[in-house]
>>> print(open('protein_38.cif').read())   # mmCIF, C-alpha atoms
data_query
#
loop_
_atom_site.label_atom_id
_atom_site.label_comp_id
_atom_site.auth_asym_id
_atom_site.auth_seq_id
_atom_site.Cartn_x
_atom_site.Cartn_y
_atom_site.Cartn_z
CA MET G 1010 -50.06 107.81 83.69
CA PRO G 1011 -49.55 105.03 86.17
CA SER G 1012 -49.48 106.39 89.64
CA SER G 1013 -50.18 105.29 93.15
CA SER G 1014 -53.89 105.66 92.45
CA TRP G 1015 -54.59 102.00 93.16
CA GLU G 1016 -52.86 102.02 96.49
CA LYS G 1017 -56.07 101.91 98.46
CA LYS G 1018 -57.87 99.57 96.14
CA ARG G 1019 -58.72 96.14 97.33
CA LEU G 1020 -61.19 93.40 96.65
CA HIS G 1021 -63.87 92.48 99.15
CA LEU G 1022 -65.67 89.25 99.75
CA ARG G 1023 -68.91 88.97 97.78
CA PRO G 1024 -71.29 86.58 99.56
CA ALA G 1025 -73.57 86.29 96.52
CA LEU G 1026 -70.62 85.16 94.42
CA VAL G 1027 -69.61 82.61 97.06
CA TRP G 1028 -73.11 81.13 96.80
CA SER G 1029 -73.23 81.04 93.04
CA ILE G 1030 -69.73 79.56 92.72
CA ALA G 1031 -70.47 76.89 95.34
CA LEU G 1032 -73.73 75.97 93.63
CA SER G 1033 -72.26 75.89 90.14
CA SER G 1034 -69.31 73.87 91.41
CA LEU G 1035 -71.70 71.23 92.79
CA ARG G 1036 -73.55 71.18 89.49
CA LEU G 1037 -70.49 71.12 87.26
CA ARG G 1038 -68.90 68.28 89.21
CA LEU G 1039 -72.04 66.21 89.42
CA GLY G 1040 -70.25 62.86 89.56
CA ARG G 1041 -68.11 63.90 92.50
CA THR G 1042 -71.09 65.54 94.22
CA VAL G 1043 -73.20 62.38 93.94
CA LEU G 1044 -70.34 60.25 95.27
CA THR G 1045 -69.88 62.49 98.29
CA LEU G 1046 -73.61 62.65 98.83
CA LEU G 1047 -73.88 58.83 98.78
CA THR G 1048 -71.08 58.47 101.32
CA VAL G 1049 -72.72 60.93 103.69
CA THR G 1050 -76.19 59.43 103.16
CA ALA G 1051 -75.03 55.86 103.79
CA SER G 1052 -73.07 56.88 106.89
CA CYS G 1053 -75.93 58.86 108.40
CA ALA G 1054 -78.45 56.13 107.57
CA PHE G 1055 -76.25 53.61 109.37
CA VAL G 1056 -75.92 55.80 112.45
CA LEU G 1057 -79.61 56.63 112.76
CA PHE G 1058 -80.57 53.04 112.07
CA LEU G 1059 -78.49 51.93 115.05
CA LEU G 1060 -79.73 54.77 117.24
CA THR G 1061 -83.32 53.73 116.59
CA THR G 1062 -82.79 50.01 117.10
CA PRO G 1063 -81.55 49.89 120.68
CA ALA G 1064 -80.79 46.50 122.22
CA THR G 1065 -83.78 45.23 124.21
CA ASP G 1066 -81.85 42.40 125.76
CA PRO G 1067 -79.46 43.70 128.48
CA ASP G 1068 -76.81 41.20 127.30
CA GLU G 1069 -76.86 42.79 123.88
CA GLN G 1070 -76.28 46.32 125.19
CA GLU G 1071 -72.52 46.15 124.90
CA LYS G 1072 -72.64 44.73 121.42
CA TRP G 1073 -75.01 47.51 120.37
CA ALA G 1074 -72.77 50.22 121.82
CA LEU G 1075 -69.81 48.72 120.01
CA MET G 1076 -71.73 48.69 116.74
CA LEU G 1077 -72.68 52.32 117.22
CA ALA G 1078 -69.08 53.31 117.92
CA LEU G 1079 -67.95 51.37 114.87
CA SER G 1080 -70.58 53.04 112.69
CA LEU G 1081 -69.28 56.43 113.79
CA VAL G 1082 -65.68 55.51 113.05
CA VAL G 1083 -66.56 54.11 109.64
CA SER G 1084 -68.63 57.20 108.79
CA MET G 1085 -65.86 59.48 109.89
CA ALA G 1086 -63.21 57.66 107.86
CA GLY G 1087 -65.44 57.49 104.78
CA VAL G 1088 -66.67 61.07 104.78
CA LEU G 1089 -63.34 62.66 105.77
CA ASN G 1090 -61.56 60.73 103.06
CA THR G 1091 -64.10 61.69 100.40
CA MET G 1092 -63.98 65.36 101.37
CA LEU G 1093 -60.20 65.37 101.52
CA MET G 1094 -60.01 63.89 98.04
CA SER G 1095 -62.57 66.23 96.55
CA VAL G 1096 -60.73 69.32 97.80
CA THR G 1097 -57.14 68.22 97.16
CA GLN G 1098 -58.12 67.36 93.59
CA ARG G 1099 -58.94 71.01 93.15
CA TYR G 1100 -55.73 72.64 94.38
CA ARG G 1101 -54.78 73.51 90.84
CA GLU G 1102 -58.13 75.10 90.16
CA ILE G 1103 -58.00 76.98 93.44
CA GLY G 1104 -54.57 78.34 92.48
CA THR G 1105 -55.99 79.51 89.17
CA LEU G 1106 -58.94 81.19 90.89
CA LYS G 1107 -56.53 83.03 93.18
CA CYS G 1108 -54.65 84.29 90.12
CA LEU G 1109 -57.95 85.67 88.84
CA GLY G 1110 -58.59 87.58 92.04
CA ALA G 1111 -60.16 85.12 94.48
CA LEU G 1112 -59.53 86.03 98.11
CA ASP G 1113 -58.36 83.42 100.60
CA SER G 1114 -61.66 83.84 102.43
CA PHE G 1115 -63.54 83.33 99.16
CA VAL G 1116 -61.77 80.03 98.53
CA LEU G 1117 -62.35 78.84 102.08
CA LEU G 1118 -66.00 79.88 102.29
CA SER G 1119 -67.04 78.54 98.90
CA VAL G 1120 -65.50 75.14 99.64
CA LEU G 1121 -67.07 75.04 103.12
CA LEU G 1122 -70.46 76.09 101.79
CA GLU G 1123 -70.31 73.38 99.17
CA ALA G 1124 -69.39 70.81 101.83
CA ALA G 1125 -72.13 72.02 104.18
CA MET G 1126 -74.78 71.76 101.46
CA VAL G 1127 -73.72 68.22 100.62
CA GLY G 1128 -73.48 67.37 104.32
CA ILE G 1129 -76.95 68.61 105.24
CA THR G 1130 -78.62 67.09 102.17
CA GLY G 1131 -76.84 63.77 102.61
CA ALA G 1132 -77.54 63.66 106.33
CA ALA G 1133 -81.24 64.42 105.81
CA ALA G 1134 -81.57 61.71 103.18
CA GLY G 1135 -79.60 59.34 105.40
CA ALA G 1136 -81.82 60.09 108.38
CA VAL G 1137 -84.95 59.28 106.38
CA ILE G 1138 -83.47 56.03 105.07
CA GLY G 1139 -82.08 54.98 108.46
CA LEU G 1140 -85.39 55.62 110.19
CA LEU G 1141 -87.29 53.81 107.46
CA CYS G 1142 -85.03 50.77 107.75
CA SER G 1143 -85.26 50.58 111.52
CA SER G 1144 -89.06 51.04 111.42
CA VAL G 1145 -89.51 48.29 108.83
CA MET G 1146 -87.32 45.97 110.86
CA GLY G 1147 -89.10 46.86 114.09
CA LEU G 1148 -92.53 46.27 112.55
CA TRP G 1149 -91.40 42.99 111.09
CA GLN G 1150 -89.96 41.72 114.39
CA HIS G 1151 -92.43 43.13 116.91
CA GLY G 1152 -95.38 44.51 115.00
CA LEU G 1153 -96.63 47.85 116.30
CA ALA G 1154 -95.23 46.90 119.68
CA PHE G 1155 -91.79 47.98 118.45
CA LEU G 1156 -92.73 51.52 119.41
CA ALA G 1157 -92.76 50.35 123.02
CA THR G 1158 -89.21 49.02 122.76
CA GLY G 1159 -87.86 52.52 123.13
CA ALA G 1160 -86.73 52.66 119.53
CA TRP G 1161 -88.31 56.05 118.98
CA ALA G 1162 -87.64 57.42 122.41
CA GLY G 1163 -85.98 60.80 122.04
CA LEU G 1164 -86.38 60.53 118.28
CA TRP G 1165 -85.84 64.23 117.62
CA TRP G 1166 -82.56 64.19 119.45
CA LYS G 1167 -81.44 61.18 117.49
CA VAL G 1168 -82.35 62.82 114.19
CA ALA G 1169 -80.69 66.06 115.23
CA ALA G 1170 -77.54 64.18 116.23
CA THR G 1171 -77.48 62.43 112.85
CA LEU G 1172 -77.86 65.70 110.97
CA PHE G 1173 -75.13 67.24 113.04
CA ILE G 1174 -72.78 64.32 112.39
CA GLY G 1175 -73.32 64.62 108.62
CA PHE G 1176 -72.82 68.37 108.65
CA PHE G 1177 -69.84 68.30 110.98
CA LEU G 1178 -67.96 65.53 109.21
CA THR G 1179 -68.29 67.09 105.75
CA THR G 1180 -67.40 70.63 106.76
CA PHE G 1181 -64.60 69.47 109.04
CA GLY G 1182 -63.28 67.12 106.37
CA ALA G 1183 -63.29 69.95 103.83
CA SER G 1184 -61.99 72.65 106.16
CA VAL G 1185 -58.46 71.32 106.63
CA PRO G 1186 -57.52 70.97 102.94
CA ALA G 1187 -59.50 74.12 102.08
CA LEU G 1188 -57.57 76.11 104.67
CA ILE G 1189 -54.28 74.77 103.32
CA ALA G 1190 -55.30 75.60 99.74
CA ALA G 1191 -56.56 79.06 100.66
CA LYS G 1192 -53.31 79.95 102.42
CA MET G 1193 -51.05 78.50 99.74
CA PRO G 1194 -49.38 80.92 97.32
CA PRO G 1195 -51.20 80.52 93.97
CA VAL G 1196 -48.11 79.15 92.26
CA GLU G 1197 -47.78 76.28 94.69
CA ALA G 1198 -51.47 75.51 94.53
CA MET G 1199 -51.27 75.42 90.74
CA ARG G 1200 -48.52 72.84 90.86
CA GLY G 1201 -51.38 70.69 92.03
CA GLU G 1202 -49.94 69.13 95.15
CA LYS G 1203 -49.31 70.17 98.71
CA MET P 954 -24.69 95.24 85.24
CA THR P 955 -26.24 96.34 81.98
CA LEU P 956 -29.22 97.78 83.77
CA SER P 957 -27.43 100.29 85.97
CA SER P 958 -27.93 103.04 83.44
CA ILE P 959 -31.63 102.35 83.25
CA ALA P 960 -31.93 102.03 87.01
CA SER P 961 -30.71 105.59 87.46
CA LEU P 962 -33.71 106.75 85.45
CA SER P 963 -36.16 104.95 87.66
CA ASP P 964 -37.66 108.19 88.92
CA SER P 965 -39.51 108.41 85.66
CA LEU P 966 -43.17 107.40 85.74
CA ASP P 967 -42.86 105.44 82.52
CA TYR P 968 -41.94 102.23 84.26
CA THR P 969 -44.80 99.93 85.05
CA VAL P 970 -42.67 97.27 86.70
CA MET P 971 -39.38 97.68 88.52
CA ALA P 972 -37.51 94.83 90.14
CA ARG P 973 -34.70 95.59 92.54
CA ASP P 974 -32.14 93.03 93.68
CA VAL P 975 -34.69 90.22 93.71
CA HIS P 976 -33.49 86.99 95.25
CA MET P 977 -35.38 83.75 95.45
CA GLU P 978 -34.30 80.65 97.27
CA TYR P 979 -36.03 77.30 97.42
CA HIS P 980 -35.32 74.48 99.75
CA MET P 981 -35.46 71.05 98.26
CA GLY P 982 -34.66 68.68 101.09
CA SER P 983 -31.27 69.76 102.40
CA GLU P 984 -30.41 71.53 99.16
CA THR P 985 -30.93 75.27 98.67
CA ILE P 986 -31.63 76.40 95.14
CA HIS P 987 -30.97 80.03 94.25
CA ALA P 988 -33.49 80.50 91.49
CA LEU P 989 -32.97 84.28 91.38
CA GLN P 990 -29.71 85.87 92.43
CA GLY P 991 -30.24 89.60 92.40
CA VAL P 992 -32.43 90.47 89.45
CA ASP P 993 -32.89 94.10 88.47
CA ALA P 994 -35.30 94.98 85.72
CA ASP P 995 -37.29 97.96 84.51
CA ILE P 996 -40.22 97.49 82.25
CA LEU P 997 -41.71 100.38 80.35
CA THR P 998 -45.40 101.09 80.19
CA GLY P 999 -46.91 99.67 77.02
CA GLU P 1000 -43.88 97.76 75.85
CA TYR P 1001 -43.73 94.14 74.79
CA ILE P 1002 -40.78 92.57 76.52
CA SER P 1003 -39.69 88.98 76.07
CA ILE P 1004 -37.72 87.17 78.71
CA MET P 1005 -35.49 84.55 77.20
CA GLY P 1006 -33.13 82.06 78.69
CA PRO P 1007 -32.50 78.35 79.04
CA SER P 1008 -34.57 76.11 81.30
CA GLY P 1009 -33.66 76.71 84.90
CA SER P 1010 -32.46 80.24 84.24
CA GLY P 1011 -35.13 81.63 86.54
CA LYS P 1012 -37.62 82.92 83.96
CA THR P 1013 -40.66 81.35 85.53
CA THR P 1014 -39.61 82.30 89.05
CA PHE P 1015 -39.12 85.89 87.91
CA PHE P 1016 -42.53 85.80 86.27
CA ASN P 1017 -44.15 84.51 89.48
CA VAL P 1018 -42.44 87.12 91.64
CA VAL P 1019 -43.40 90.00 89.35
CA GLY P 1020 -46.97 88.71 89.23
CA GLY P 1021 -47.27 88.68 93.01
CA LEU P 1022 -47.86 84.94 92.87
CA VAL P 1023 -45.00 84.21 95.25
CA LYS P 1024 -42.96 86.39 97.59
CA PRO P 1025 -39.25 86.80 96.90
CA THR P 1026 -36.78 85.83 99.60
CA ARG P 1027 -35.15 89.25 99.30
CA GLY P 1028 -35.52 92.37 97.17
CA SER P 1029 -38.53 94.30 95.94
CA VAL P 1030 -40.88 94.41 93.02
CA TYR P 1031 -42.63 97.70 92.35
CA ILE P 1032 -45.73 97.92 90.23
CA ASP P 1033 -46.64 101.51 89.50
CA GLU P 1034 -44.18 102.47 92.22
CA ILE P 1035 -45.80 100.35 94.88
CA ASP P 1036 -43.80 97.65 96.58
CA ILE P 1037 -46.08 94.65 96.19
CA ALA P 1038 -44.56 92.96 99.23
CA GLN P 1039 -46.38 95.59 101.31
CA LEU P 1040 -49.83 94.68 100.02
CA ASP P 1041 -52.33 92.85 102.21
CA ALA P 1042 -54.49 89.98 100.97
CA GLY P 1043 -57.32 92.19 99.66
CA GLU P 1044 -54.94 94.50 97.81
CA LEU P 1045 -53.01 91.56 96.39
CA ALA P 1046 -56.28 90.07 95.14
CA TRP P 1047 -57.08 93.43 93.51
CA LEU P 1048 -53.66 93.44 91.85
CA ARG P 1049 -54.11 89.91 90.50
CA CYS P 1050 -57.66 90.61 89.43
CA LEU P 1051 -57.52 94.05 87.82
CA LYS P 1052 -53.93 95.10 87.33
CA ILE P 1053 -52.41 91.91 85.92
CA GLY P 1054 -53.64 89.31 83.47
CA TYR P 1055 -51.87 85.95 83.54
CA ILE P 1056 -51.33 83.55 80.69
CA PHE P 1057 -49.76 80.19 81.48
CA GLN P 1058 -47.94 77.54 79.53
CA SER P 1059 -50.55 74.95 80.50
CA TYR P 1060 -53.52 77.33 79.89
CA ASN P 1061 -55.00 76.72 83.37
CA ILE P 1062 -58.56 77.00 82.21
CA VAL P 1063 -61.01 75.88 84.89
CA LYS P 1064 -61.92 72.45 83.53
CA ALA P 1065 -65.46 72.28 84.78
CA MET P 1066 -66.43 75.61 83.23
CA SER P 1067 -67.21 76.74 79.71
CA ALA P 1068 -65.08 79.28 77.85
CA LEU P 1069 -67.67 81.93 78.66
CA GLU P 1070 -67.70 81.14 82.39
CA ASN P 1071 -63.90 81.15 82.48
CA VAL P 1072 -63.73 84.61 80.95
CA THR P 1073 -66.60 85.92 83.09
CA LEU P 1074 -65.01 84.83 86.35
CA PRO P 1075 -62.35 87.55 86.82
CA MET P 1076 -65.00 90.19 86.09
CA LEU P 1077 -67.30 88.71 88.72
CA PHE P 1078 -64.42 88.80 91.21
CA ALA P 1079 -63.98 92.46 90.31
CA GLY P 1080 -67.63 93.16 91.05
CA VAL P 1081 -68.92 93.63 87.50
CA PRO P 1082 -72.66 92.82 87.38
CA PRO P 1083 -73.17 89.30 85.91
CA GLU P 1084 -75.07 90.41 82.79
CA GLU P 1085 -72.49 93.02 81.90
CA ALA P 1086 -69.67 90.57 82.60
CA GLN P 1087 -71.26 88.07 80.26
CA ASP P 1088 -71.72 90.62 77.48
CA ARG P 1089 -68.10 91.69 77.79
CA ALA P 1090 -66.91 88.05 77.86
CA VAL P 1091 -68.83 87.30 74.65
CA GLU P 1092 -67.24 90.32 73.02
CA ILE P 1093 -63.67 89.42 74.05
CA LEU P 1094 -64.12 85.78 73.05
CA GLY P 1095 -65.25 87.04 69.66
CA ARG P 1096 -62.16 89.22 69.50
CA VAL P 1097 -59.82 86.23 70.07
CA GLY P 1098 -61.66 84.25 67.40
CA LEU P 1099 -63.80 81.98 69.56
CA GLY P 1100 -67.15 83.62 68.92
CA ASP P 1101 -68.71 80.31 67.87
CA ARG P 1102 -67.29 78.31 70.77
CA ILE P 1103 -68.19 80.31 73.84
CA LEU P 1104 -70.17 77.51 75.46
CA HIS P 1105 -67.55 74.81 74.88
CA THR P 1106 -65.68 73.35 77.82
CA PRO P 1107 -61.87 72.89 77.75
CA LYS P 1108 -62.35 69.22 76.82
CA GLU P 1109 -63.99 70.32 73.58
CA LEU P 1110 -61.28 72.82 72.70
CA SER P 1111 -57.84 72.34 71.18
CA GLY P 1112 -54.69 73.59 72.91
CA GLY P 1113 -54.61 76.70 70.77
CA GLN P 1114 -58.27 77.42 71.47
CA GLN P 1115 -57.75 76.93 75.20
CA GLN P 1116 -54.88 79.39 75.07
CA ARG P 1117 -57.19 81.82 73.30
CA VAL P 1118 -59.65 81.45 76.15
CA ALA P 1119 -56.78 82.13 78.55
CA ILE P 1120 -55.87 85.27 76.59
CA ALA P 1121 -59.48 86.46 76.61
CA ARG P 1122 -59.62 85.79 80.36
CA ALA P 1123 -56.35 87.64 80.96
CA PHE P 1124 -57.68 90.68 79.10
CA ALA P 1125 -61.17 90.55 80.64
CA ASN P 1126 -60.60 93.21 83.29
CA GLN P 1127 -58.54 95.41 80.99
CA PRO P 1128 -55.34 94.99 82.98
CA ALA P 1129 -52.30 97.24 82.64
CA ILE P 1130 -49.92 94.29 82.51
CA ILE P 1131 -50.10 90.92 80.83
CA LEU P 1132 -47.75 88.29 82.20
CA ALA P 1133 -47.32 85.32 79.92
CA ASP P 1134 -45.22 82.34 80.93
CA GLU P 1135 -44.14 80.40 77.84
CA PRO P 1136 -47.58 80.75 76.26
CA THR P 1137 -46.61 78.88 73.09
CA ALA P 1138 -44.53 76.06 74.61
CA ASN P 1139 -47.32 73.50 74.32
CA LEU P 1140 -48.49 74.57 70.88
CA ASP P 1141 -47.45 73.61 67.36
CA PHE P 1142 -45.57 76.10 65.20
CA LYS P 1143 -48.52 77.56 63.34
CA THR P 1144 -50.82 77.83 66.38
CA GLY P 1145 -47.94 79.34 68.35
CA GLU P 1146 -47.52 81.97 65.67
CA GLU P 1147 -51.23 82.81 65.78
CA ILE P 1148 -51.14 83.15 69.57
CA ILE P 1149 -48.08 85.40 69.40
CA GLY P 1150 -49.76 87.51 66.72
CA LEU P 1151 -52.87 87.81 68.85
CA MET P 1152 -50.90 88.90 71.90
CA LYS P 1153 -49.08 91.50 69.88
CA GLU P 1154 -52.34 92.87 68.44
CA MET P 1155 -53.86 93.12 71.91
CA ASN P 1156 -50.68 94.83 73.12
CA ARG P 1157 -50.96 97.43 70.35
CA GLU P 1158 -54.73 97.89 70.51
CA ARG P 1159 -54.98 98.28 74.24
CA GLY P 1160 -51.59 99.69 75.15
CA VAL P 1161 -51.06 96.89 77.61
CA THR P 1162 -47.58 96.11 78.86
CA VAL P 1163 -46.74 92.52 77.91
CA ILE P 1164 -44.09 90.55 79.76
CA CYS P 1165 -43.60 87.20 78.15
CA SER P 1166 -41.13 84.51 79.11
CA THR P 1167 -40.32 82.25 76.20
CA HIS P 1168 -38.01 79.82 74.46
CA ASP P 1169 -39.66 80.69 71.20
CA HIS P 1170 -37.50 82.66 68.76
CA LYS P 1171 -40.61 83.72 66.84
CA MET P 1172 -41.27 85.99 69.81
CA LEU P 1173 -38.18 88.06 69.05
CA ASP P 1174 -39.70 89.60 65.95
CA ILE P 1175 -42.56 91.20 67.77
CA SER P 1176 -40.85 92.18 71.02
CA ASP P 1177 -39.85 95.75 71.72
CA ARG P 1178 -37.09 94.58 74.00
CA ILE P 1179 -35.58 91.26 74.96
CA LEU P 1180 -34.19 90.42 78.36
CA TRP P 1181 -31.90 87.41 78.65
CA MET P 1182 -31.61 85.51 81.88
CA GLU P 1183 -28.98 83.03 82.91
CA ASP P 1184 -28.38 81.35 86.26
CA GLY P 1185 -30.91 83.52 88.04
CA ARG P 1186 -29.45 86.80 86.79
CA VAL P 1187 -30.20 89.23 84.01
CA LYS P 1188 -27.46 88.64 81.47
CA LYS P 1189 -28.41 91.40 79.08
CA VAL P 1190 -31.23 93.57 77.80
CA ALA P 1191 -31.48 94.73 74.22
CA ARG P 1192 -33.89 96.42 71.87
CA ARG P 1193 -35.15 94.33 69.00
CA GLU P 1194 -33.30 96.38 66.37
CA GLU P 1195 -29.99 95.70 68.11
CA VAL P 1196 -30.74 92.00 68.20
CA GLU P 1197 -31.65 91.95 64.52
CA ILE P 1198 -28.31 93.57 63.67
CA GLN P 1199 -26.51 90.97 65.76
CA ILE P 1200 -28.37 88.13 64.09
CA GLY P 1201 -27.62 89.69 60.70
CA GLN P 1202 -23.92 89.84 61.51
CA MET P 1203 -23.96 86.28 62.77
CA GLN P 1204 -25.59 85.12 59.57
CA GLU P 1205 -22.98 86.96 57.51
CA GLN P 1206 -20.18 85.38 59.47
CA HIS P 1207 -21.69 81.94 59.15
CA GLY P 1208 -22.52 82.32 55.49
CA GLY P 1209 -26.19 82.96 56.03
CA THR P 1210 -26.93 79.57 57.57
CA GLY P 1211 -28.31 81.03 60.78
CA THR P 1212 -31.63 80.24 62.40
#
>>> encode(input="protein_38.cif", output="structure tokens")
Amino acid sequence: MPSSSWEKKRLHLRPALVWSIALSSLRLRLGRTVLTLLTVTASCAFVLFLLTTPATDPDEQEKWALMLALSLVVSMAGVLNTMLMSVTQRYREIGTLKCLGALDSFVLLSVLLEAAMVGITGAAAGAVIGLLCSSVMGLWQHGLAFLATGAWAGLWWKVAATLFIGFFLTTFGASVPALIAAKMPPVEAMRGEK
Amino acid sequence: MTLSSIASLSDSLDYTVMARDVHMEYHMGSETIHALQGVDADILTGEYISIMGPSGSGKTTFFNVVGGLVKPTRGSVYIDEIDIAQLDAGELAWLRCLKIGYIFQSYNIVKAMSALENVTLPMLFAGVPPEEAQDRAVEILGRVGLGDRILHTPKELSGGQQQRVAIARAFANQPAIILADEPTANLDFKTGEEIIGLMKEMNRERGVTVICSTHDHKMLDISDRILWMEDGRVKKVARREEVEIQIGQMQEQHGGTGT
């Protein structure tokens, strides 16, 4: 007999499931994952490249700072846009998952975890590429003396900043649409638009 | 209201779903649309009830409200005597996961996942261990006739096969209620008939209450009761036998040229 027996029943967040769904989502949407990864990698490479090729000529300082600011703006626009697209494309799917019993927190966390994994991986790859590029250029222009130009001064901070930028931009870019999707009633999410 | 007599019996435990004076309003720009204007309905445990009515009569909105997929503007929906408006997010997720199985007109299979993964998902949400969930998914997919296609993705499946996956997924957690919103609307006649047959079999085998909104007159033959909606209200409710008599009379009057 149906009764009020399920009154106290509720679903709880399962961290292991969040992991496995985030991982399988990255795998199943490989094309989208690679695209996002490339955007993050290119952006982070650009930023670290500039950070490790400071202007030696005082007259060039301003130009360098401007380039750095521009690189940040371009990265931000690129990564935020990519993340926004990749989450909004999935509103319908998110609505379906909620019909199957996904909690709001599940939706939010799995999307954020996915974004963070792409962000960290992309930023790390970007940091390696950026540093490689600036080193090659430094060696070509100055020989080993490029190390004395201050290019690698505070290198760890520069790398850490680059990693943070990659991580922050992806998770922040994903968080806004993910939050909207998680809060949306399933029916609206399934209609596929905001 | 035709339902007043039934409403007075609502103390009985035999009702799985009860809707009381449910109103739903949408705002589209400056316009307010009254999709539901005071719907009362009582649905018996284990019955197969079809909701019929023209487009815009409020069938889908009613379906969404009963399924806890959207909150009504006014009124209450009780599932097993619990007002679902009172549930918090975790309880609502439990309801959607274990109490209700949904079947949609557009299948809503997760595109990136195989049939097996789609059917496994609600069980994983419910906390079934992955191996057991997979075994059960294989079994249910076999039951709906997709035993040889469990690893196919939606792209590799026809509309009818996708709807079979959706049915398997809806039944995965052995819910008490199946809510189906025009499940055959996108299917050809023959496939539609197969899907209807399958839903009816599952209804009989598992004693699940099936609430199915439809335009499809094939559905009438297998329904226990039919509820007609019009302009956001319940116009009438009838048992299948009564409807068959009416159709018979109509056919007599019109010289047997009926539907």
>>> interface_residues(input="protein_38.cif", of="chain P", to="chain G", cutoff="8 Å", atoms="only C-alpha atoms", output="PyMOL selection string")
chain P and resi 966-967+969+1017+1022-1023+1033-1035+1042-1051+1054-1055+1061-1063+1065-1066+1074-1075+1077-1079
>>> residues_around(input="protein_38.cif", residues="Leu1044 (chain G)", least_positions_apart="5", cutoff="12 Å", atoms="only C-alpha atoms", output="VMD selection string")
chain G and resid 1035 1038 to 1039 1049 to 1051 1087 to 1088 1090 to 1092 1094 to 1095 1127 to 1128 1131
>>> residues_around(input="protein_38.cif", residues="Leu1117 (chain G)", least_positions_apart="6", cutoff="8 Å", atoms="all atoms listed in the file", output="list in words")
Ser1184, Ala1187, Leu1188 and Ala1191 of chain G
>>> axis_aligned_box(input="protein_38.cif", around="region 1138-1156 of chain P", padding_each_side="8 Å", output="AutoDock Vina command-line options")
--center_x -49.2 --center_y 84.2 --center_z 69.0 --size_x 25.3 --size_y 37.3 --size_z 27.3
>>> resolve_selection(input="protein_38.cif", expression="the PyMOL selection byres ((chain P and resi 1110) around 12)", output="PyMOL selection string")
chain P and resi 1060+1062+1064+1067-1068+1099+1101-1109+1111-1119
>>> closest_residue(input="protein_38.cif", among="G:Thr1158, G:Val1116, G:Leu1060, G:Leu1093", to="Ala1170 (chain G)", atoms="all atoms listed in the file")
G:Leu1060
>>> atom_distance(input="protein_38.cif", atom1="CA of Gln990 (chain P)", atom2="CA of Asp1169 (chain P)")
24.0 Å
>>> atom_distance(input="protein_38.cif", atom1="CA of Gly1182 (chain G)", atom2="CA of Ala1086 (chain G)")
9.6 Å
>>> closest_residue(input="protein_38.cif", among="G:Ser1119, G:Thr1062, G:Ser1084, G:Gln1070", to="Leu1156 (chain G)", atoms="all atoms listed in the file")
G:Thr1062
>>> residues_around(input="protein_38.cif", residues="Asp995 (chain P)", least_positions_apart="3", cutoff="7 Å", atoms="all atoms listed in the file", output="MDAnalysis selection string")
chainID P and resid 968 970:972
>>> atom_distance(input="protein_38.cif", atom1="CA of Arg1186 (chain P)", atom2="CA of Val992 (chain P)")
5.4 Å
>>> resolve_selection(input="protein_38.cif", expression="the PyMOL selection byres ((chain P and resi 1006) around 10)", output="PyMOL selection string")
chain P and resi 1003-1005+1007-1012+1166-1168+1180-1185+1187-1188
>>> residues_around(input="protein_38.cif", residues="Ile1149 (chain P)", least_positions_apart="2", cutoff="9 Å", atoms="all atoms listed in the file", output="ChimeraX atom specification")
/P:1136-1137,1144-1147,1151-1154,1171-1172,1175
>>> resolve_selection(input="protein_38.cif", expression="the PyMOL selection byres ((chain G and resi 1174) around 10)", output="list in words")
Val1049, Ser1052, Cys1053, Val1056, Leu1081, Ser1084, Met1085, Gly1128, Ile1129, Ala1132, Val1168, Ala1169, Ala1170, Thr1171, Leu1172, Phe1173, Gly1175, Phe1176, Phe1177, Leu1178 and Thr1179 of chain G
>>> build_atoms(input="protein_38.cif", residues="region 1048-1053 of chain P", atoms="N, CA, C and O atoms", output="short mmCIF file (atom, residue, chain, number, x, y, z; two decimals), in the frame of the given file")
data_model
loop_
_atom_site.label_atom_id
_atom_site.label_comp_id
_atom_site.auth_asym_id
_atom_site.auth_seq_id
_atom_site.Cartn_x
_atom_site.Cartn_y
_atom_site.Cartn_z
N LEU P 1048 -54.77 93.41 92.81
CA LEU P 1048 -53.66 93.44 91.85
C LEU P 1048 -53.79 92.30 90.84
O LEU P 1048 -53.68 92.50 89.64
N ARG P 1049 -54.03 91.09 91.37
CA ARG P 1049 -54.11 89.91 90.50
C ARG P 1049 -55.36 89.95 89.62
O ARG P 1049 -55.37 89.41 88.53
N CYS P 1050 -56.38 90.60 90.14
CA CYS P 1050 -57.66 90.61 89.43
C CYS P 1050 -57.69 91.70 88.36
O CYS P 1050 -58.08 91.44 87.23
N LEU P 1051 -57.30 92.92 88.71
CA LEU P 1051 -57.52 94.05 87.82
C LEU P 1051 -56.27 94.65 87.19
O LEU P 1051 -56.36 95.32 86.18
N LYS P 1052 -55.14 94.44 87.83
CA LYS P 1052 -53.93 95.10 87.33
C LYS P 1052 -53.16 94.18 86.38
O LYS P 1052 -52.52 94.65 85.46
N ILE P 1053 -53.21 92.88 86.67
CA ILE P 1053 -52.41 91.91 85.92
C ILE P 1053 -53.30 90.84 85.31
O ILE P 1053 -54.23 90.37 85.95
#
